[in-house]
file query35.pdb (PDB, C-alpha atoms)
ATOM      1  CA  MET S  29       3.369  23.665 -18.051
ATOM      2  CA  GLY S  30       1.154  21.627 -15.720
ATOM      3  CA  LYS S  31       1.745  18.188 -14.232
ATOM      4  CA  LYS S  32       0.474  15.050 -15.931
ATOM      5  CA  VAL S  33       0.466  12.329 -13.278
ATOM      6  CA  LEU S  34       0.311   8.677 -14.340
ATOM      7  CA  VAL S  35      -0.671   6.208 -11.594
ATOM      8  CA  THR S  36       0.123   2.538 -12.310
ATOM      9  CA  GLY S  37      -2.077   0.049 -10.459
ATOM     10  CA  GLY S  38      -4.404   3.013 -10.074
ATOM     11  CA  THR S  39      -7.731   1.217  -9.653
ATOM     12  CA  GLY S  40      -6.901  -0.719  -6.470
ATOM     13  CA  LEU S  41      -7.112   0.211  -2.799
ATOM     14  CA  VAL S  42      -4.259   2.761  -2.797
ATOM     15  CA  GLY S  43      -5.017   4.165  -6.255
ATOM     16  CA  ARG S  44      -8.597   4.911  -5.211
ATOM     17  CA  GLY S  45      -7.269   6.610  -2.077
ATOM     18  CA  ILE S  46      -5.036   8.839  -4.234
ATOM     19  CA  GLU S  47      -7.948   9.597  -6.561
ATOM     20  CA  PHE S  48     -10.047  10.650  -3.538
ATOM     21  CA  ALA S  49      -7.223  12.876  -2.206
ATOM     22  CA  ALA S  50      -6.459  14.478  -5.604
ATOM     23  CA  ARG S  51     -10.160  15.373  -6.017
ATOM     24  CA  GLU S  52     -10.340  16.690  -2.448
ATOM     25  CA  ASP S  53      -7.339  19.009  -3.023
ATOM     26  CA  ASN S  54      -7.938  19.624  -6.717
ATOM     27  CA  ARG S  55      -5.334  21.715  -8.559
ATOM     28  CA  ASP S  56      -5.939  23.209 -11.995
ATOM     29  CA  ASP S  57      -2.365  22.499 -13.129
ATOM     30  CA  GLU S  58      -2.610  18.722 -12.495
ATOM     31  CA  GLU S  59      -4.072  16.041 -14.738
ATOM     32  CA  TRP S  60      -4.376  12.576 -13.183
ATOM     33  CA  ILE S  61      -4.482   9.297 -15.148
ATOM     34  CA  PHE S  62      -5.318   6.120 -13.206
ATOM     35  CA  LEU S  63      -4.349   2.912 -15.005
ATOM     36  CA  SER S  64      -5.324  -0.701 -14.352
ATOM     37  CA  SER S  65      -3.612  -3.917 -15.439
ATOM     38  CA  LYS S  66      -6.059  -4.035 -18.375
ATOM     39  CA  ASP S  67      -4.450  -0.896 -19.850
ATOM     40  CA  CYS S  68      -0.930  -2.290 -20.261
ATOM     41  CA  ASP S  69       1.236  -5.338 -19.552
ATOM     42  CA  LEU S  70       3.925  -3.610 -17.511
ATOM     43  CA  THR S  71       6.188  -6.693 -17.682
ATOM     44  CA  SER S  72       6.656  -5.836 -21.390
ATOM     45  CA  MET S  73       9.160  -3.049 -22.106
ATOM     46  CA  GLU S  74       7.598  -2.548 -25.547
ATOM     47  CA  GLN S  75       4.071  -2.078 -24.148
ATOM     48  CA  THR S  76       5.329   0.130 -21.294
ATOM     49  CA  ARG S  77       7.171   2.369 -23.781
ATOM     50  CA  GLN S  78       3.994   2.632 -25.882
ATOM     51  CA  LEU S  79       2.049   3.608 -22.753
ATOM     52  CA  PHE S  80       4.533   6.368 -21.863
ATOM     53  CA  GLU S  81       4.656   7.532 -25.490
ATOM     54  CA  SER S  82       0.881   7.779 -25.574
ATOM     55  CA  HIS S  83       0.397   9.622 -22.226
ATOM     56  CA  LYS S  84       3.730  11.507 -21.940
ATOM     57  CA  PRO S  85       3.525  11.837 -18.125
ATOM     58  CA  THR S  86       5.588  14.424 -16.240
ATOM     59  CA  HIS S  87       5.103  12.571 -12.916
ATOM     60  CA  VAL S  88       4.468   8.908 -12.044
ATOM     61  CA  ILE S  89       3.155   7.161  -8.925
ATOM     62  CA  HIS S  90       4.021   3.478  -9.287
ATOM     63  CA  LEU S  91       1.678   1.138  -7.379
ATOM     64  CA  ALA S  92       1.404  -1.787  -9.823
ATOM     65  CA  ALA S  93       2.713  -5.092  -8.485
ATOM     66  CA  MET S  94       2.004  -8.797  -8.420
ATOM     67  CA  VAL S  95       0.641  -9.269  -4.903
ATOM     68  CA  GLY S  96      -0.812 -12.130  -2.889
ATOM     69  CA  GLY S  97      -1.422 -13.439   0.597
ATOM     70  CA  LEU S  98       0.874 -15.602   2.712
ATOM     71  CA  PHE S  99       0.086 -18.905   0.999
ATOM     72  CA  SER S 100       0.413 -17.733  -2.595
ATOM     73  CA  ASN S 101       3.761 -16.117  -1.661
ATOM     74  CA  LEU S 102       4.984 -19.348  -0.059
ATOM     75  CA  ARG S 103       4.097 -21.299  -3.206
ATOM     76  CA  GLN S 104       5.471 -18.852  -5.790
ATOM     77  CA  ASN S 105       8.500 -16.934  -4.492
ATOM     78  CA  ALA S 106      10.305 -17.212  -7.854
ATOM     79  CA  GLU S 107       7.295 -15.865  -9.759
ATOM     80  CA  PHE S 108       6.712 -12.988  -7.317
ATOM     81  CA  PHE S 109      10.372 -11.998  -7.679
ATOM     82  CA  ARG S 110      10.472 -12.312 -11.471
ATOM     83  CA  VAL S 111       7.217 -10.528 -12.307
ATOM     84  CA  ASN S 112       7.807  -7.641  -9.885
ATOM     85  CA  MET S 113      11.407  -7.162 -11.072
ATOM     86  CA  LEU S 114      10.148  -6.993 -14.684
ATOM     87  CA  ILE S 115       7.367  -4.507 -13.845
ATOM     88  CA  ASN S 116       9.695  -2.283 -11.820
ATOM     89  CA  ASP S 117      12.470  -2.310 -14.426
ATOM     90  CA  CYS S 118      10.051  -1.369 -17.228
ATOM     91  CA  VAL S 119       8.422   1.459 -15.248
ATOM     92  CA  VAL S 120      11.647   2.914 -13.800
ATOM     93  CA  ARG S 121      13.485   2.707 -17.136
ATOM     94  CA  CYS S 122      10.630   4.405 -19.003
ATOM     95  CA  CYS S 123      10.505   7.163 -16.367
ATOM     96  CA  TYR S 124      14.184   7.796 -17.177
ATOM     97  CA  GLU S 125      13.816   7.484 -20.961
ATOM     98  CA  PHE S 126      10.753   9.767 -21.118
ATOM     99  CA  LYS S 127      12.337  12.340 -18.754
ATOM    100  CA  VAL S 128       9.691  12.012 -16.041
ATOM    101  CA  GLU S 129      10.345  14.793 -13.482
ATOM    102  CA  LYS S 130       9.437  12.676 -10.446
ATOM    103  CA  LEU S 131       8.670   9.027  -9.720
ATOM    104  CA  VAL S 132       7.179   7.851  -6.406
ATOM    105  CA  SER S 133       7.047   4.058  -5.933
ATOM    106  CA  CYS S 134       5.143   2.230  -3.217
ATOM    107  CA  LEU S 135       7.045  -0.332  -1.113
ATOM    108  CA  SER S 136       5.804  -2.387   1.847
ATOM    109  CA  THR S 137       6.839  -2.995   5.460
ATOM    110  CA  CYS S 138       7.378  -6.686   4.563
ATOM    111  CA  ILE S 139      10.689  -5.610   2.946
ATOM    112  CA  PHE S 140      12.255  -5.001   6.374
ATOM    113  CA  PRO S 141      14.579  -7.624   7.910
ATOM    114  CA  ASP S 142      12.869 -10.533   9.638
ATOM    115  CA  LYS S 143      15.272 -10.383  12.598
ATOM    116  CA  THR S 144      15.348  -6.753  13.681
ATOM    117  CA  THR S 145      14.793  -4.330  16.531
ATOM    118  CA  TYR S 146      11.648  -2.220  16.889
ATOM    119  CA  PRO S 147      10.532   0.295  15.919
ATOM    120  CA  ILE S 148      11.802  -0.127  12.355
ATOM    121  CA  ASP S 149      12.826   2.963  10.387
ATOM    122  CA  GLU S 150      13.853   3.944   6.865
ATOM    123  CA  GLY S 151      17.556   3.241   7.470
ATOM    124  CA  MET S 152      16.949  -0.467   8.157
ATOM    125  CA  VAL S 153      15.563  -1.567   4.765
ATOM    126  CA  HIS S 154      18.719  -3.433   3.698
ATOM    127  CA  SER S 155      20.118  -4.452   7.098
ATOM    128  CA  GLY S 156      19.246  -8.170   6.935
ATOM    129  CA  PRO S 157      17.205 -10.748   4.969
ATOM    130  CA  PRO S 158      13.396 -10.398   4.880
ATOM    131  CA  HIS S 159      11.059 -13.107   6.197
ATOM    132  CA  SER S 160      11.501 -16.374   4.285
ATOM    133  CA  SER S 161       7.774 -16.710   3.510
ATOM    134  CA  ASN S 162       7.734 -13.880   0.944
ATOM    135  CA  PHE S 163      11.400 -13.187   0.220
ATOM    136  CA  GLY S 164      10.793 -13.074  -3.566
ATOM    137  CA  TYR S 165       8.293 -10.212  -3.314
ATOM    138  CA  ALA S 166      10.285  -8.449  -0.571
ATOM    139  CA  TYR S 167      13.604  -8.451  -2.458
ATOM    140  CA  ALA S 168      11.918  -7.217  -5.664
ATOM    141  CA  LYS S 169      10.410  -4.324  -3.680
ATOM    142  CA  ARG S 170      13.764  -3.569  -2.024
ATOM    143  CA  MET S 171      15.330  -3.335  -5.486
ATOM    144  CA  LEU S 172      13.078  -0.353  -6.244
ATOM    145  CA  ASP S 173      14.993   1.569  -3.575
ATOM    146  CA  VAL S 174      18.259   0.419  -5.172
ATOM    147  CA  GLN S 175      17.004   1.544  -8.608
ATOM    148  CA  ASN S 176      15.987   4.947  -7.217
ATOM    149  CA  GLN S 177      19.440   5.466  -5.680
ATOM    150  CA  ALA S 178      21.243   4.268  -8.830
ATOM    151  CA  TYR S 179      19.227   6.409 -11.263
ATOM    152  CA  HIS S 180      19.702   9.397  -8.964
ATOM    153  CA  GLN S 181      23.461   8.836  -8.731
ATOM    154  CA  GLN S 182      24.019   8.155 -12.455
ATOM    155  CA  TYR S 183      21.416  10.407 -14.096
ATOM    156  CA  GLY S 184      20.254  12.831 -11.374
ATOM    157  CA  CYS S 185      16.682  11.468 -11.535
ATOM    158  CA  GLN S 186      14.235  12.468  -8.799
ATOM    159  CA  PHE S 187      12.970   8.968  -8.034
ATOM    160  CA  THR S 188      11.822   8.061  -4.498
ATOM    161  CA  SER S 189       9.618   5.626  -2.591
ATOM    162  CA  VAL S 190       7.177   5.398   0.298
ATOM    163  CA  ILE S 191       6.671   2.584   2.826
ATOM    164  CA  PRO S 192       3.110   2.401   4.188
ATOM    165  CA  THR S 193       2.080   0.156   7.078
ATOM    166  CA  ASN S 194      -1.131  -1.961   6.919
ATOM    167  CA  ILE S 195      -3.565  -0.251   4.534
ATOM    168  CA  PHE S 196      -7.362  -0.590   4.591
ATOM    169  CA  GLY S 197     -10.333   1.282   3.148
ATOM    170  CA  PRO S 198     -12.885   1.340   0.297
ATOM    171  CA  PHE S 199     -12.087  -0.754  -2.820
ATOM    172  CA  ASP S 200     -10.036  -3.271  -0.815
ATOM    173  CA  ASN S 201      -9.849  -6.989  -1.634
ATOM    174  CA  TYR S 202     -12.433  -8.718   0.593
ATOM    175  CA  HIS S 203     -11.672 -12.341  -0.328
ATOM    176  CA  LEU S 204     -12.302 -14.440   2.780
ATOM    177  CA  GLU S 205      -9.063 -16.456   2.516
ATOM    178  CA  ASP S 206      -6.651 -14.272   0.565
ATOM    179  CA  SER S 207      -7.201 -10.773   1.937
ATOM    180  CA  HIS S 208      -5.731  -8.758   4.787
ATOM    181  CA  VAL S 209      -7.165  -8.737   8.295
ATOM    182  CA  ILE S 210      -9.582  -5.755   8.184
ATOM    183  CA  PRO S 211     -11.312  -6.534   4.850
ATOM    184  CA  ALA S 212     -11.527 -10.224   5.837
ATOM    185  CA  LEU S 213     -13.176  -9.276   9.153
ATOM    186  CA  ILE S 214     -15.575  -6.875   7.393
ATOM    187  CA  HIS S 215     -16.652  -9.632   4.981
ATOM    188  CA  LYS S 216     -16.968 -12.183   7.812
ATOM    189  CA  CYS S 217     -19.052  -9.700   9.822
ATOM    190  CA  TYR S 218     -21.364  -9.167   6.851
ATOM    191  CA  HIS S 219     -22.164 -12.918   6.834
ATOM    192  CA  ALA S 220     -22.325 -13.168  10.645
ATOM    193  CA  LYS S 221     -24.892 -10.360  10.785
ATOM    194  CA  LYS S 222     -26.922 -11.832   7.932
ATOM    195  CA  ASN S 223     -26.912 -15.334   9.491
ATOM    196  CA  GLY S 224     -27.192 -14.236  13.135
ATOM    197  CA  THR S 225     -23.962 -16.054  14.045
ATOM    198  CA  PRO S 226     -20.883 -14.927  16.054
ATOM    199  CA  LEU S 227     -17.871 -13.386  14.312
ATOM    200  CA  THR S 228     -15.005 -15.906  14.330
ATOM    201  CA  VAL S 229     -11.567 -14.271  14.571
ATOM    202  CA  PHE S 230      -8.473 -16.341  13.770
ATOM    203  CA  GLY S 231      -5.869 -16.362  16.572
ATOM    204  CA  SER S 232      -5.815 -14.927  20.080
ATOM    205  CA  GLY S 233      -6.274 -11.276  19.047
ATOM    206  CA  THR S 234      -3.112 -10.170  20.892
ATOM    207  CA  PRO S 235      -0.793  -9.140  17.971
ATOM    208  CA  LEU S 236      -0.354  -5.388  17.465
ATOM    209  CA  ARG S 237      -0.488  -3.551  14.127
ATOM    210  CA  GLN S 238      -0.409   0.005  12.763
ATOM    211  CA  PHE S 239      -3.179   0.623  10.254
ATOM    212  CA  VAL S 240      -3.334   3.489   7.788
ATOM    213  CA  TYR S 241      -6.627   4.443   6.127
ATOM    214  CA  SER S 242      -6.339   4.429   2.321
ATOM    215  CA  ARG S 243      -7.715   7.977   2.049
ATOM    216  CA  ASP S 244      -5.102   9.261   4.535
ATOM    217  CA  LEU S 245      -2.434   7.371   2.586
ATOM    218  CA  GLY S 246      -3.774   8.963  -0.601
ATOM    219  CA  ARG S 247      -3.362  12.420   0.942
ATOM    220  CA  LEU S 248       0.197  11.558   2.029
ATOM    221  CA  LEU S 249       1.129  10.172  -1.404
ATOM    222  CA  VAL S 250      -0.137  13.342  -3.094
ATOM    223  CA  TRP S 251       1.991  15.345  -0.615
ATOM    224  CA  THR S 252       5.004  13.106  -1.390
ATOM    225  CA  LEU S 253       4.578  13.727  -5.117
ATOM    226  CA  ARG S 254       4.262  17.488  -4.678
ATOM    227  CA  GLU S 255       6.676  18.219  -1.828
ATOM    228  CA  TYR S 256       9.041  15.399  -0.760
ATOM    229  CA  THR S 257      12.486  15.821  -2.367
ATOM    230  CA  GLU S 258      14.642  13.056  -0.833
ATOM    231  CA  THR S 259      15.622   9.905  -2.757
ATOM    232  CA  GLU S 260      15.576   7.850   0.472
ATOM    233  CA  PRO S 261      12.224   6.236   1.288
ATOM    234  CA  ILE S 262       9.768   7.623   3.840
ATOM    235  CA  ILE S 263       7.478   5.558   6.088
ATOM    236  CA  LEU S 264       3.834   6.697   5.816
ATOM    237  CA  SER S 265       2.068   5.523   8.948
ATOM    238  CA  VAL S 266       0.277   6.411  12.126
ATOM    239  CA  GLY S 267       2.595   6.566  15.151
ATOM    240  CA  GLU S 268       3.619   3.804  17.535
ATOM    241  CA  GLU S 269       1.082   5.160  20.040
ATOM    242  CA  ASP S 270      -1.722   4.327  17.559
ATOM    243  CA  GLU S 271      -0.934   0.610  17.331
ATOM    244  CA  VAL S 272      -4.040  -1.507  17.921
ATOM    245  CA  SER S 273      -4.431  -5.178  18.805
ATOM    246  CA  ILE S 274      -6.237  -7.544  16.423
ATOM    247  CA  LYS S 275      -8.817  -7.953  19.229
ATOM    248  CA  GLN S 276      -9.469  -4.176  19.177
ATOM    249  CA  VAL S 277      -9.690  -4.296  15.370
ATOM    250  CA  ALA S 278     -12.248  -7.130  15.487
ATOM    251  CA  GLU S 279     -14.313  -5.325  18.138
ATOM    252  CA  THR S 280     -14.241  -2.066  16.131
ATOM    253  CA  VAL S 281     -15.335  -3.820  12.914
ATOM    254  CA  ALA S 282     -18.037  -5.784  14.768
ATOM    255  CA  ALA S 283     -19.406  -2.583  16.361
ATOM    256  CA  ALA S 284     -19.486  -0.817  12.982
ATOM    257  CA  MET S 285     -21.323  -3.776  11.410
ATOM    258  CA  GLY S 286     -23.750  -4.316  14.315
ATOM    259  CA  VAL S 287     -22.364  -7.729  15.371
ATOM    260  CA  THR S 288     -22.280  -8.283  19.146
ATOM    261  CA  GLU S 289     -20.810 -11.774  19.610
ATOM    262  CA  LEU S 290     -17.132 -12.573  18.895
ATOM    263  CA  HIS S 291     -15.263 -15.887  19.084
ATOM    264  CA  PHE S 292     -11.442 -16.136  18.977
ATOM    265  CA  ASP S 293     -10.189 -19.369  17.388
ATOM    266  CA  THR S 294      -6.916 -19.832  19.305
ATOM    267  CA  ASP S 295      -6.075 -22.991  17.332
ATOM    268  CA  LYS S 296      -5.153 -20.671  14.447
ATOM    269  CA  ALA S 297      -1.706 -19.054  14.356
ATOM    270  CA  ASP S 298      -1.227 -15.441  15.429
ATOM    271  CA  GLY S 299       1.640 -14.518  13.103
ATOM    272  CA  GLN S 300       4.265 -11.980  14.144
ATOM    273  CA  PHE S 301       3.422 -10.241  17.451
ATOM    274  CA  LYS S 302       4.369  -6.745  16.259
ATOM    275  CA  LYS S 303       5.999  -4.961  13.308
ATOM    276  CA  THR S 304       6.130  -1.456  14.761
ATOM    277  CA  ALA S 305       7.297   1.258  12.348
ATOM    278  CA  ASN S 306       8.673   4.660  13.344
ATOM    279  CA  ASN S 307       6.958   7.625  11.642
ATOM    280  CA  ALA S 308       9.337  10.270  13.099
ATOM    281  CA  LYS S 309      10.588  11.269   9.625
ATOM    282  CA  LEU S 310       7.030  11.881   8.402
ATOM    283  CA  ARG S 311       6.293  13.910  11.549
ATOM    284  CA  ARG S 312       9.370  16.087  10.954
ATOM    285  CA  TYR S 313       7.881  17.048   7.598
ATOM    286  CA  LEU S 314       4.190  17.082   8.594
ATOM    287  CA  PRO S 315       3.903  17.592  12.369
ATOM    288  CA  ASP S 316       0.240  18.633  12.111
ATOM    289  CA  PHE S 317      -1.104  15.969   9.728
ATOM    290  CA  GLN S 318      -4.359  14.602  11.140
ATOM    291  CA  PHE S 319      -5.016  10.895  10.573
ATOM    292  CA  THR S 320      -8.689   9.866  10.427
ATOM    293  CA  PRO S 321      -9.641   8.347  13.829
ATOM    294  CA  PHE S 322      -9.464   4.547  13.537
ATOM    295  CA  ALA S 323     -13.106   3.870  14.485
ATOM    296  CA  GLN S 324     -14.345   6.447  11.948
ATOM    297  CA  ALA S 325     -12.138   5.026   9.171
ATOM    298  CA  VAL S 326     -13.348   1.485   9.940
ATOM    299  CA  LYS S 327     -17.006   2.636   9.928
ATOM    300  CA  GLU S 328     -16.552   4.368   6.544
ATOM    301  CA  SER S 329     -14.888   1.204   5.169
ATOM    302  CA  CYS S 330     -17.693  -1.045   6.485
ATOM    303  CA  ASP S 331     -20.396   1.249   5.097
ATOM    304  CA  TRP S 332     -18.677   1.254   1.681
ATOM    305  CA  PHE S 333     -18.530  -2.566   1.633
ATOM    306  CA  VAL S 334     -22.212  -2.931   2.531
ATOM    307  CA  GLU S 335     -23.241  -0.352  -0.096
ATOM    308  CA  ASN S 336     -21.018  -1.934  -2.765
ATOM    309  CA  TYR S 337     -21.299  -5.578  -1.796
ATOM    310  CA  ASP S 338     -22.224  -6.832  -5.280
ATOM    311  CA  SER S 339     -19.318  -5.109  -7.045
ATOM    312  CA  ALA S 340     -16.640  -5.380  -4.294
ATOM    313  CA  ARG S 341     -13.613  -7.606  -4.970
ATOM    314  CA  LYS S 342     -14.216 -10.833  -3.083
TER     315      LYS S 342
END

call {"tool": "encode", "arguments": {"input": "query35.pdb", "output": "structure tokens"}}
result
Amino acid sequence: MGKKVLVTGGTGLVGRGIEFAAREDNRDDEEWIFLSSKDCDLTSMEQTRQLFESHKPTHVIHLAAMVGGLFSNLRQNAEFFRVNMLINDCVVRCCYEFKVEKLVSCLSTCIFPDKTTYPIDEGMVHSGPPHSSNFGYAYAKRMLDVQNQAYHQQYGCQFTSVIPTNIFGPFDNYHLEDSHVIPALIHKCYHAKKNGTPLTVFGSGTPLRQFVYSRDLGRLLVWTLREYTETEPIILSVGEEDEVSIKQVAETVAAAMGVTELHFDTDKADGQFKKTANNAKLRRYLPDFQFTPFAQAVKESCDWFVENYDSARK
């Protein structure tokens, strides 16, 4: 019997990356179903059970979550915790009840302790409290790892999770105030080019980040579903040597969009200087995996935004 793979939160940035990767490495014995929040209220156990009853998946990739930027997290920590705990409990429980062969859930590097040493690795998830700004979201995501371990110990379920670093690519959220750094810069560049004005970048540009292209992440998530057998999470990221500064990011986006003048607004806060993650575990499994060169991935993302400006989330 073939695989029937259900992807929750399947129409967002990561879901579209998985869809791209599954088409690229198409297998006759796999059927993929990509769901959006319109298809089911995953905070409702009754609706989630109906969804599983209707599709009868053999495999699940769980991406659905209540997400938001820094300021919405600061305002609503209780709500971020509550909603994400409900979603995760419904999805994980239904995977158990409907005898799903494998569940892969997506976590986030924000779950790691605020006070830590770098680079961070998979063994450090629970070694201290997360940053206070989004502790509700972070603890709910950490609990997915706890659920995976508990269902494995009690029922022998093959449930696992992945931890990507900063994701970008087509189908991102390009909202100017409530999006991540690359989509925000792409959208700002679009207006700067149109109006013949400089690109304004918040902060000094010195912080360092690891970025993973959504299509590369899609390829790695498909590999995780097919091949990765551990319950413990795995970090999916470029290596420490591929960290880039926000200044380099801004220059790369500006070059791809044809904007020549940049201005750094140093009155705005920089945020954390670095959050370096160690991808040694991934490299033990996939020593030859080729990440898309950063400039190429940024160019593809910029071109997609320009071509899809009217329909892009913004």

call {"tool": "closest_residue", "arguments": {"input": "query35.pdb", "among": "S:Val229, S:Ala325, S:Val250, S:Cys330", "to": "S:Trp60", "atoms": "only C-alpha atoms"}}
result
S:Val250

call {"tool": "atom_distance", "arguments": {"input": "query35.pdb", "atom1": "atom CA of S:Ile210", "atom2": "atom CA of S:Gln276"}}
result
11.1 Å

call {"tool": "resolve_selection", "arguments": {"input": "query35.pdb", "expression": "the PyMOL selection byres ((chain S and resi 79) around 10)", "output": "NGL selection string"}}
result
:S and (34 or 67-70 or 73-78 or 80-85 or 122)

call {"tool": "residues_around", "arguments": {"input": "query35.pdb", "residues": "S:Gly38", "least_positions_apart": "2", "cutoff": "7 Å", "atoms": "only C-alpha atoms", "output": "number ranges by chain"}}
result
S: 35-36, 40, 43-44, 62-64, 91

call {"tool": "residues_around", "arguments": {"input": "query35.pdb", "residues": "S:Pro235", "least_positions_apart": "3", "cutoff": "9 Å", "atoms": "only C-alpha atoms", "output": "list of chain:residue names"}}
result
S:Gly231, S:Ser232, S:Val272, S:Ser273, S:Ile274, S:Lys275, S:Asp298, S:Gly299, S:Gln300, S:Phe301, S:Lys302

call {"tool": "atom_distance", "arguments": {"input": "query35.pdb", "atom1": "atom CA of S:Arg311", "atom2": "atom CA of S:Leu135"}}
result
19.1 Å

call {"tool": "resolve_selection", "arguments": {"input": "query35.pdb", "expression": "the PyMOL selection byres ((chain S and resi 168) around 12)", "output": "PyMOL selection string"}}
result
chain S and resi 93-95+105-117+134-136+138-139+158+162-167+169-175

call {"tool": "atom_distance", "arguments": {"input": "query35.pdb", "atom1": "atom CA of S:Thr144", "atom2": "atom CA of S:Gly246"}}
result
28.6 Å

call {"tool": "closest_residue", "arguments": {"input": "query35.pdb", "among": "S:Ser189, S:Ser72, S:Ser329, S:Asn54", "to": "S:Tyr202", "atoms": "all atoms listed in the file"}}
result
S:Ser329

call {"tool": "closest_residue", "arguments": {"input": "query35.pdb", "among": "S:Glu59, S:Gln238, S:Trp332, S:Asn176", "to": "S:Met285", "atoms": "only C-alpha atoms"}}
result
S:Trp332

call {"tool": "resolve_selection", "arguments": {"input": "query35.pdb", "expression": "the PyMOL selection byres ((chain S and resi 153) around 9)", "output": "short mmCIF file (atom, residue, chain, number, x, y, z; two decimals) with C-alpha atoms, in the frame of the given file"}}
result
data_model
loop_
_atom_site.label_atom_id
_atom_site.label_comp_id
_atom_site.auth_asym_id
_atom_site.auth_seq_id
_atom_site.Cartn_x
_atom_site.Cartn_y
_atom_site.Cartn_z
CA THR S 137 6.84 -3.00 5.46
CA ILE S 139 10.69 -5.61 2.95
CA PHE S 140 12.26 -5.00 6.37
CA PRO S 141 14.58 -7.62 7.91
CA ILE S 148 11.80 -0.13 12.36
CA ASP S 149 12.83 2.96 10.39
CA GLU S 150 13.85 3.94 6.86
CA GLY S 151 17.56 3.24 7.47
CA MET S 152 16.95 -0.47 8.16
CA HIS S 154 18.72 -3.43 3.70
CA SER S 155 20.12 -4.45 7.10
CA GLY S 156 19.25 -8.17 6.94
CA ARG S 170 13.76 -3.57 -2.02
CA ASP S 173 14.99 1.57 -3.58
#

call {"tool": "closest_residue", "arguments": {"input": "query35.pdb", "among": "S:His87, S:Arg243, S:Arg103, S:Lys222", "to": "S:Gln186", "atoms": "all atoms listed in the file"}}
result
S:His87

call {"tool": "closest_residue", "arguments": {"input": "query35.pdb", "among": "S:Gly184, S:Gly197, S:Gly97, S:Gly224", "to": "S:Pro211", "atoms": "only C-alpha atoms"}}
result
S:Gly197

call {"tool": "residues_around", "arguments": {"input": "query35.pdb", "residues": "S:Ala323", "least_positions_apart": "5", "cutoff": "9 Å", "atoms": "all atoms listed in the file", "output": "PyMOL selection string"}}
result
chain S and resi 277+280-281+284+328

call {"tool": "closest_residue", "arguments": {"input": "query35.pdb", "among": "S:Phe230, S:Tyr183, S:Phe319, S:Tyr256", "to": "S:Val132", "atoms": "only C-alpha atoms"}}
result
S:Tyr256

call {"tool": "residues_around", "arguments": {"input": "query35.pdb", "residues": "S:Asp206", "least_positions_apart": "3", "cutoff": "12 Å", "atoms": "all atoms listed in the file", "output": "number ranges by chain"}}
result
S: 95-101, 200-203, 209-213, 215, 341-342

call {"tool": "write_last_selection", "arguments": {"input": "query35.pdb", "atoms": "C-alpha atoms", "output": "CSV table (one decimal), in the coordinates of the input"}}
result
chain,number,residue,atom,x,y,z
S,95,VAL,CA,0.6,-9.3,-4.9
S,96,GLY,CA,-0.8,-12.1,-2.9
S,97,GLY,CA,-1.4,-13.4,0.6
S,98,LEU,CA,0.9,-15.6,2.7
S,99,PHE,CA,0.1,-18.9,1.0
S,100,SER,CA,0.4,-17.7,-2.6
S,101,ASN,CA,3.8,-16.1,-1.7
S,200,ASP,CA,-10.0,-3.3,-0.8
S,201,ASN,CA,-9.8,-7.0,-1.6
S,202,TYR,CA,-12.4,-8.7,0.6
S,203,HIS,CA,-11.7,-12.3,-0.3
S,209,VAL,CA,-7.2,-8.7,8.3
S,210,ILE,CA,-9.6,-5.8,8.2
S,211,PRO,CA,-11.3,-6.5,4.8
S,212,ALA,CA,-11.5,-10.2,5.8
S,213,LEU,CA,-13.2,-9.3,9.2
S,215,HIS,CA,-16.7,-9.6,5.0
S,341,ARG,CA,-13.6,-7.6,-5.0
S,342,LYS,CA,-14.2,-10.8,-3.1

call {"tool": "axis_aligned_box", "arguments": {"input": "query35.pdb", "around": "stretch 196-215 of chain S", "padding_each_side": "3 Å", "output": "lines of an AutoDock Vina configuration file"}}
result
center_x = -11.2
center_y = -7.6
center_z = 3.2
size_x = 16.9
size_y = 23.8
size_z = 18.0

call {"tool": "decode", "arguments": {"input": "query35.pdb", "residues": "stretch 212-217 of chain S", "atoms": "N, CA, C and O atoms", "output": "mmCIF file, in the first residue's frame"}}
result
data_model
loop_
_atom_site.group_PDB
_atom_site.id
_atom_site.type_symbol
_atom_site.label_atom_id
_atom_site.label_comp_id
_atom_site.auth_asym_id
_atom_site.auth_seq_id
_atom_site.Cartn_x
_atom_site.Cartn_y
_atom_site.Cartn_z
ATOM 1 N N ALA S 212 10.236 41.215 4.367
ATOM 2 C CA ALA S 212 10.030 42.649 4.627
ATOM 3 C C ALA S 212 10.950 43.485 3.739
ATOM 4 O O ALA S 212 10.530 44.496 3.156
ATOM 5 N N LEU S 213 12.215 43.063 3.619
ATOM 6 C CA LEU S 213 13.168 43.793 2.767
ATOM 7 C C LEU S 213 12.774 43.725 1.293
ATOM 8 O O LEU S 213 12.909 44.703 0.553
ATOM 9 N N ILE S 214 12.281 42.550 0.856
ATOM 10 C CA ILE S 214 11.838 42.409 -0.539
ATOM 11 C C ILE S 214 10.699 43.385 -0.824
ATOM 12 O O ILE S 214 10.703 44.099 -1.841
ATOM 13 N N HIS S 215 9.729 43.450 0.085
ATOM 14 C CA HIS S 215 8.576 44.345 -0.101
ATOM 15 C C HIS S 215 9.022 45.815 -0.066
ATOM 16 O O HIS S 215 8.597 46.631 -0.900
ATOM 17 N N LYS S 216 9.915 46.142 0.881
ATOM 18 C CA LYS S 216 10.433 47.517 0.954
ATOM 19 C C LYS S 216 11.180 47.894 -0.322
ATOM 20 O O LYS S 216 11.073 49.015 -0.819
ATOM 21 N N CYS S 217 11.972 46.952 -0.837
ATOM 22 C CA CYS S 217 12.727 47.186 -2.076
ATOM 23 C C CYS S 217 11.796 47.445 -3.252
ATOM 24 O O CYS S 217 12.080 48.272 -4.123
#
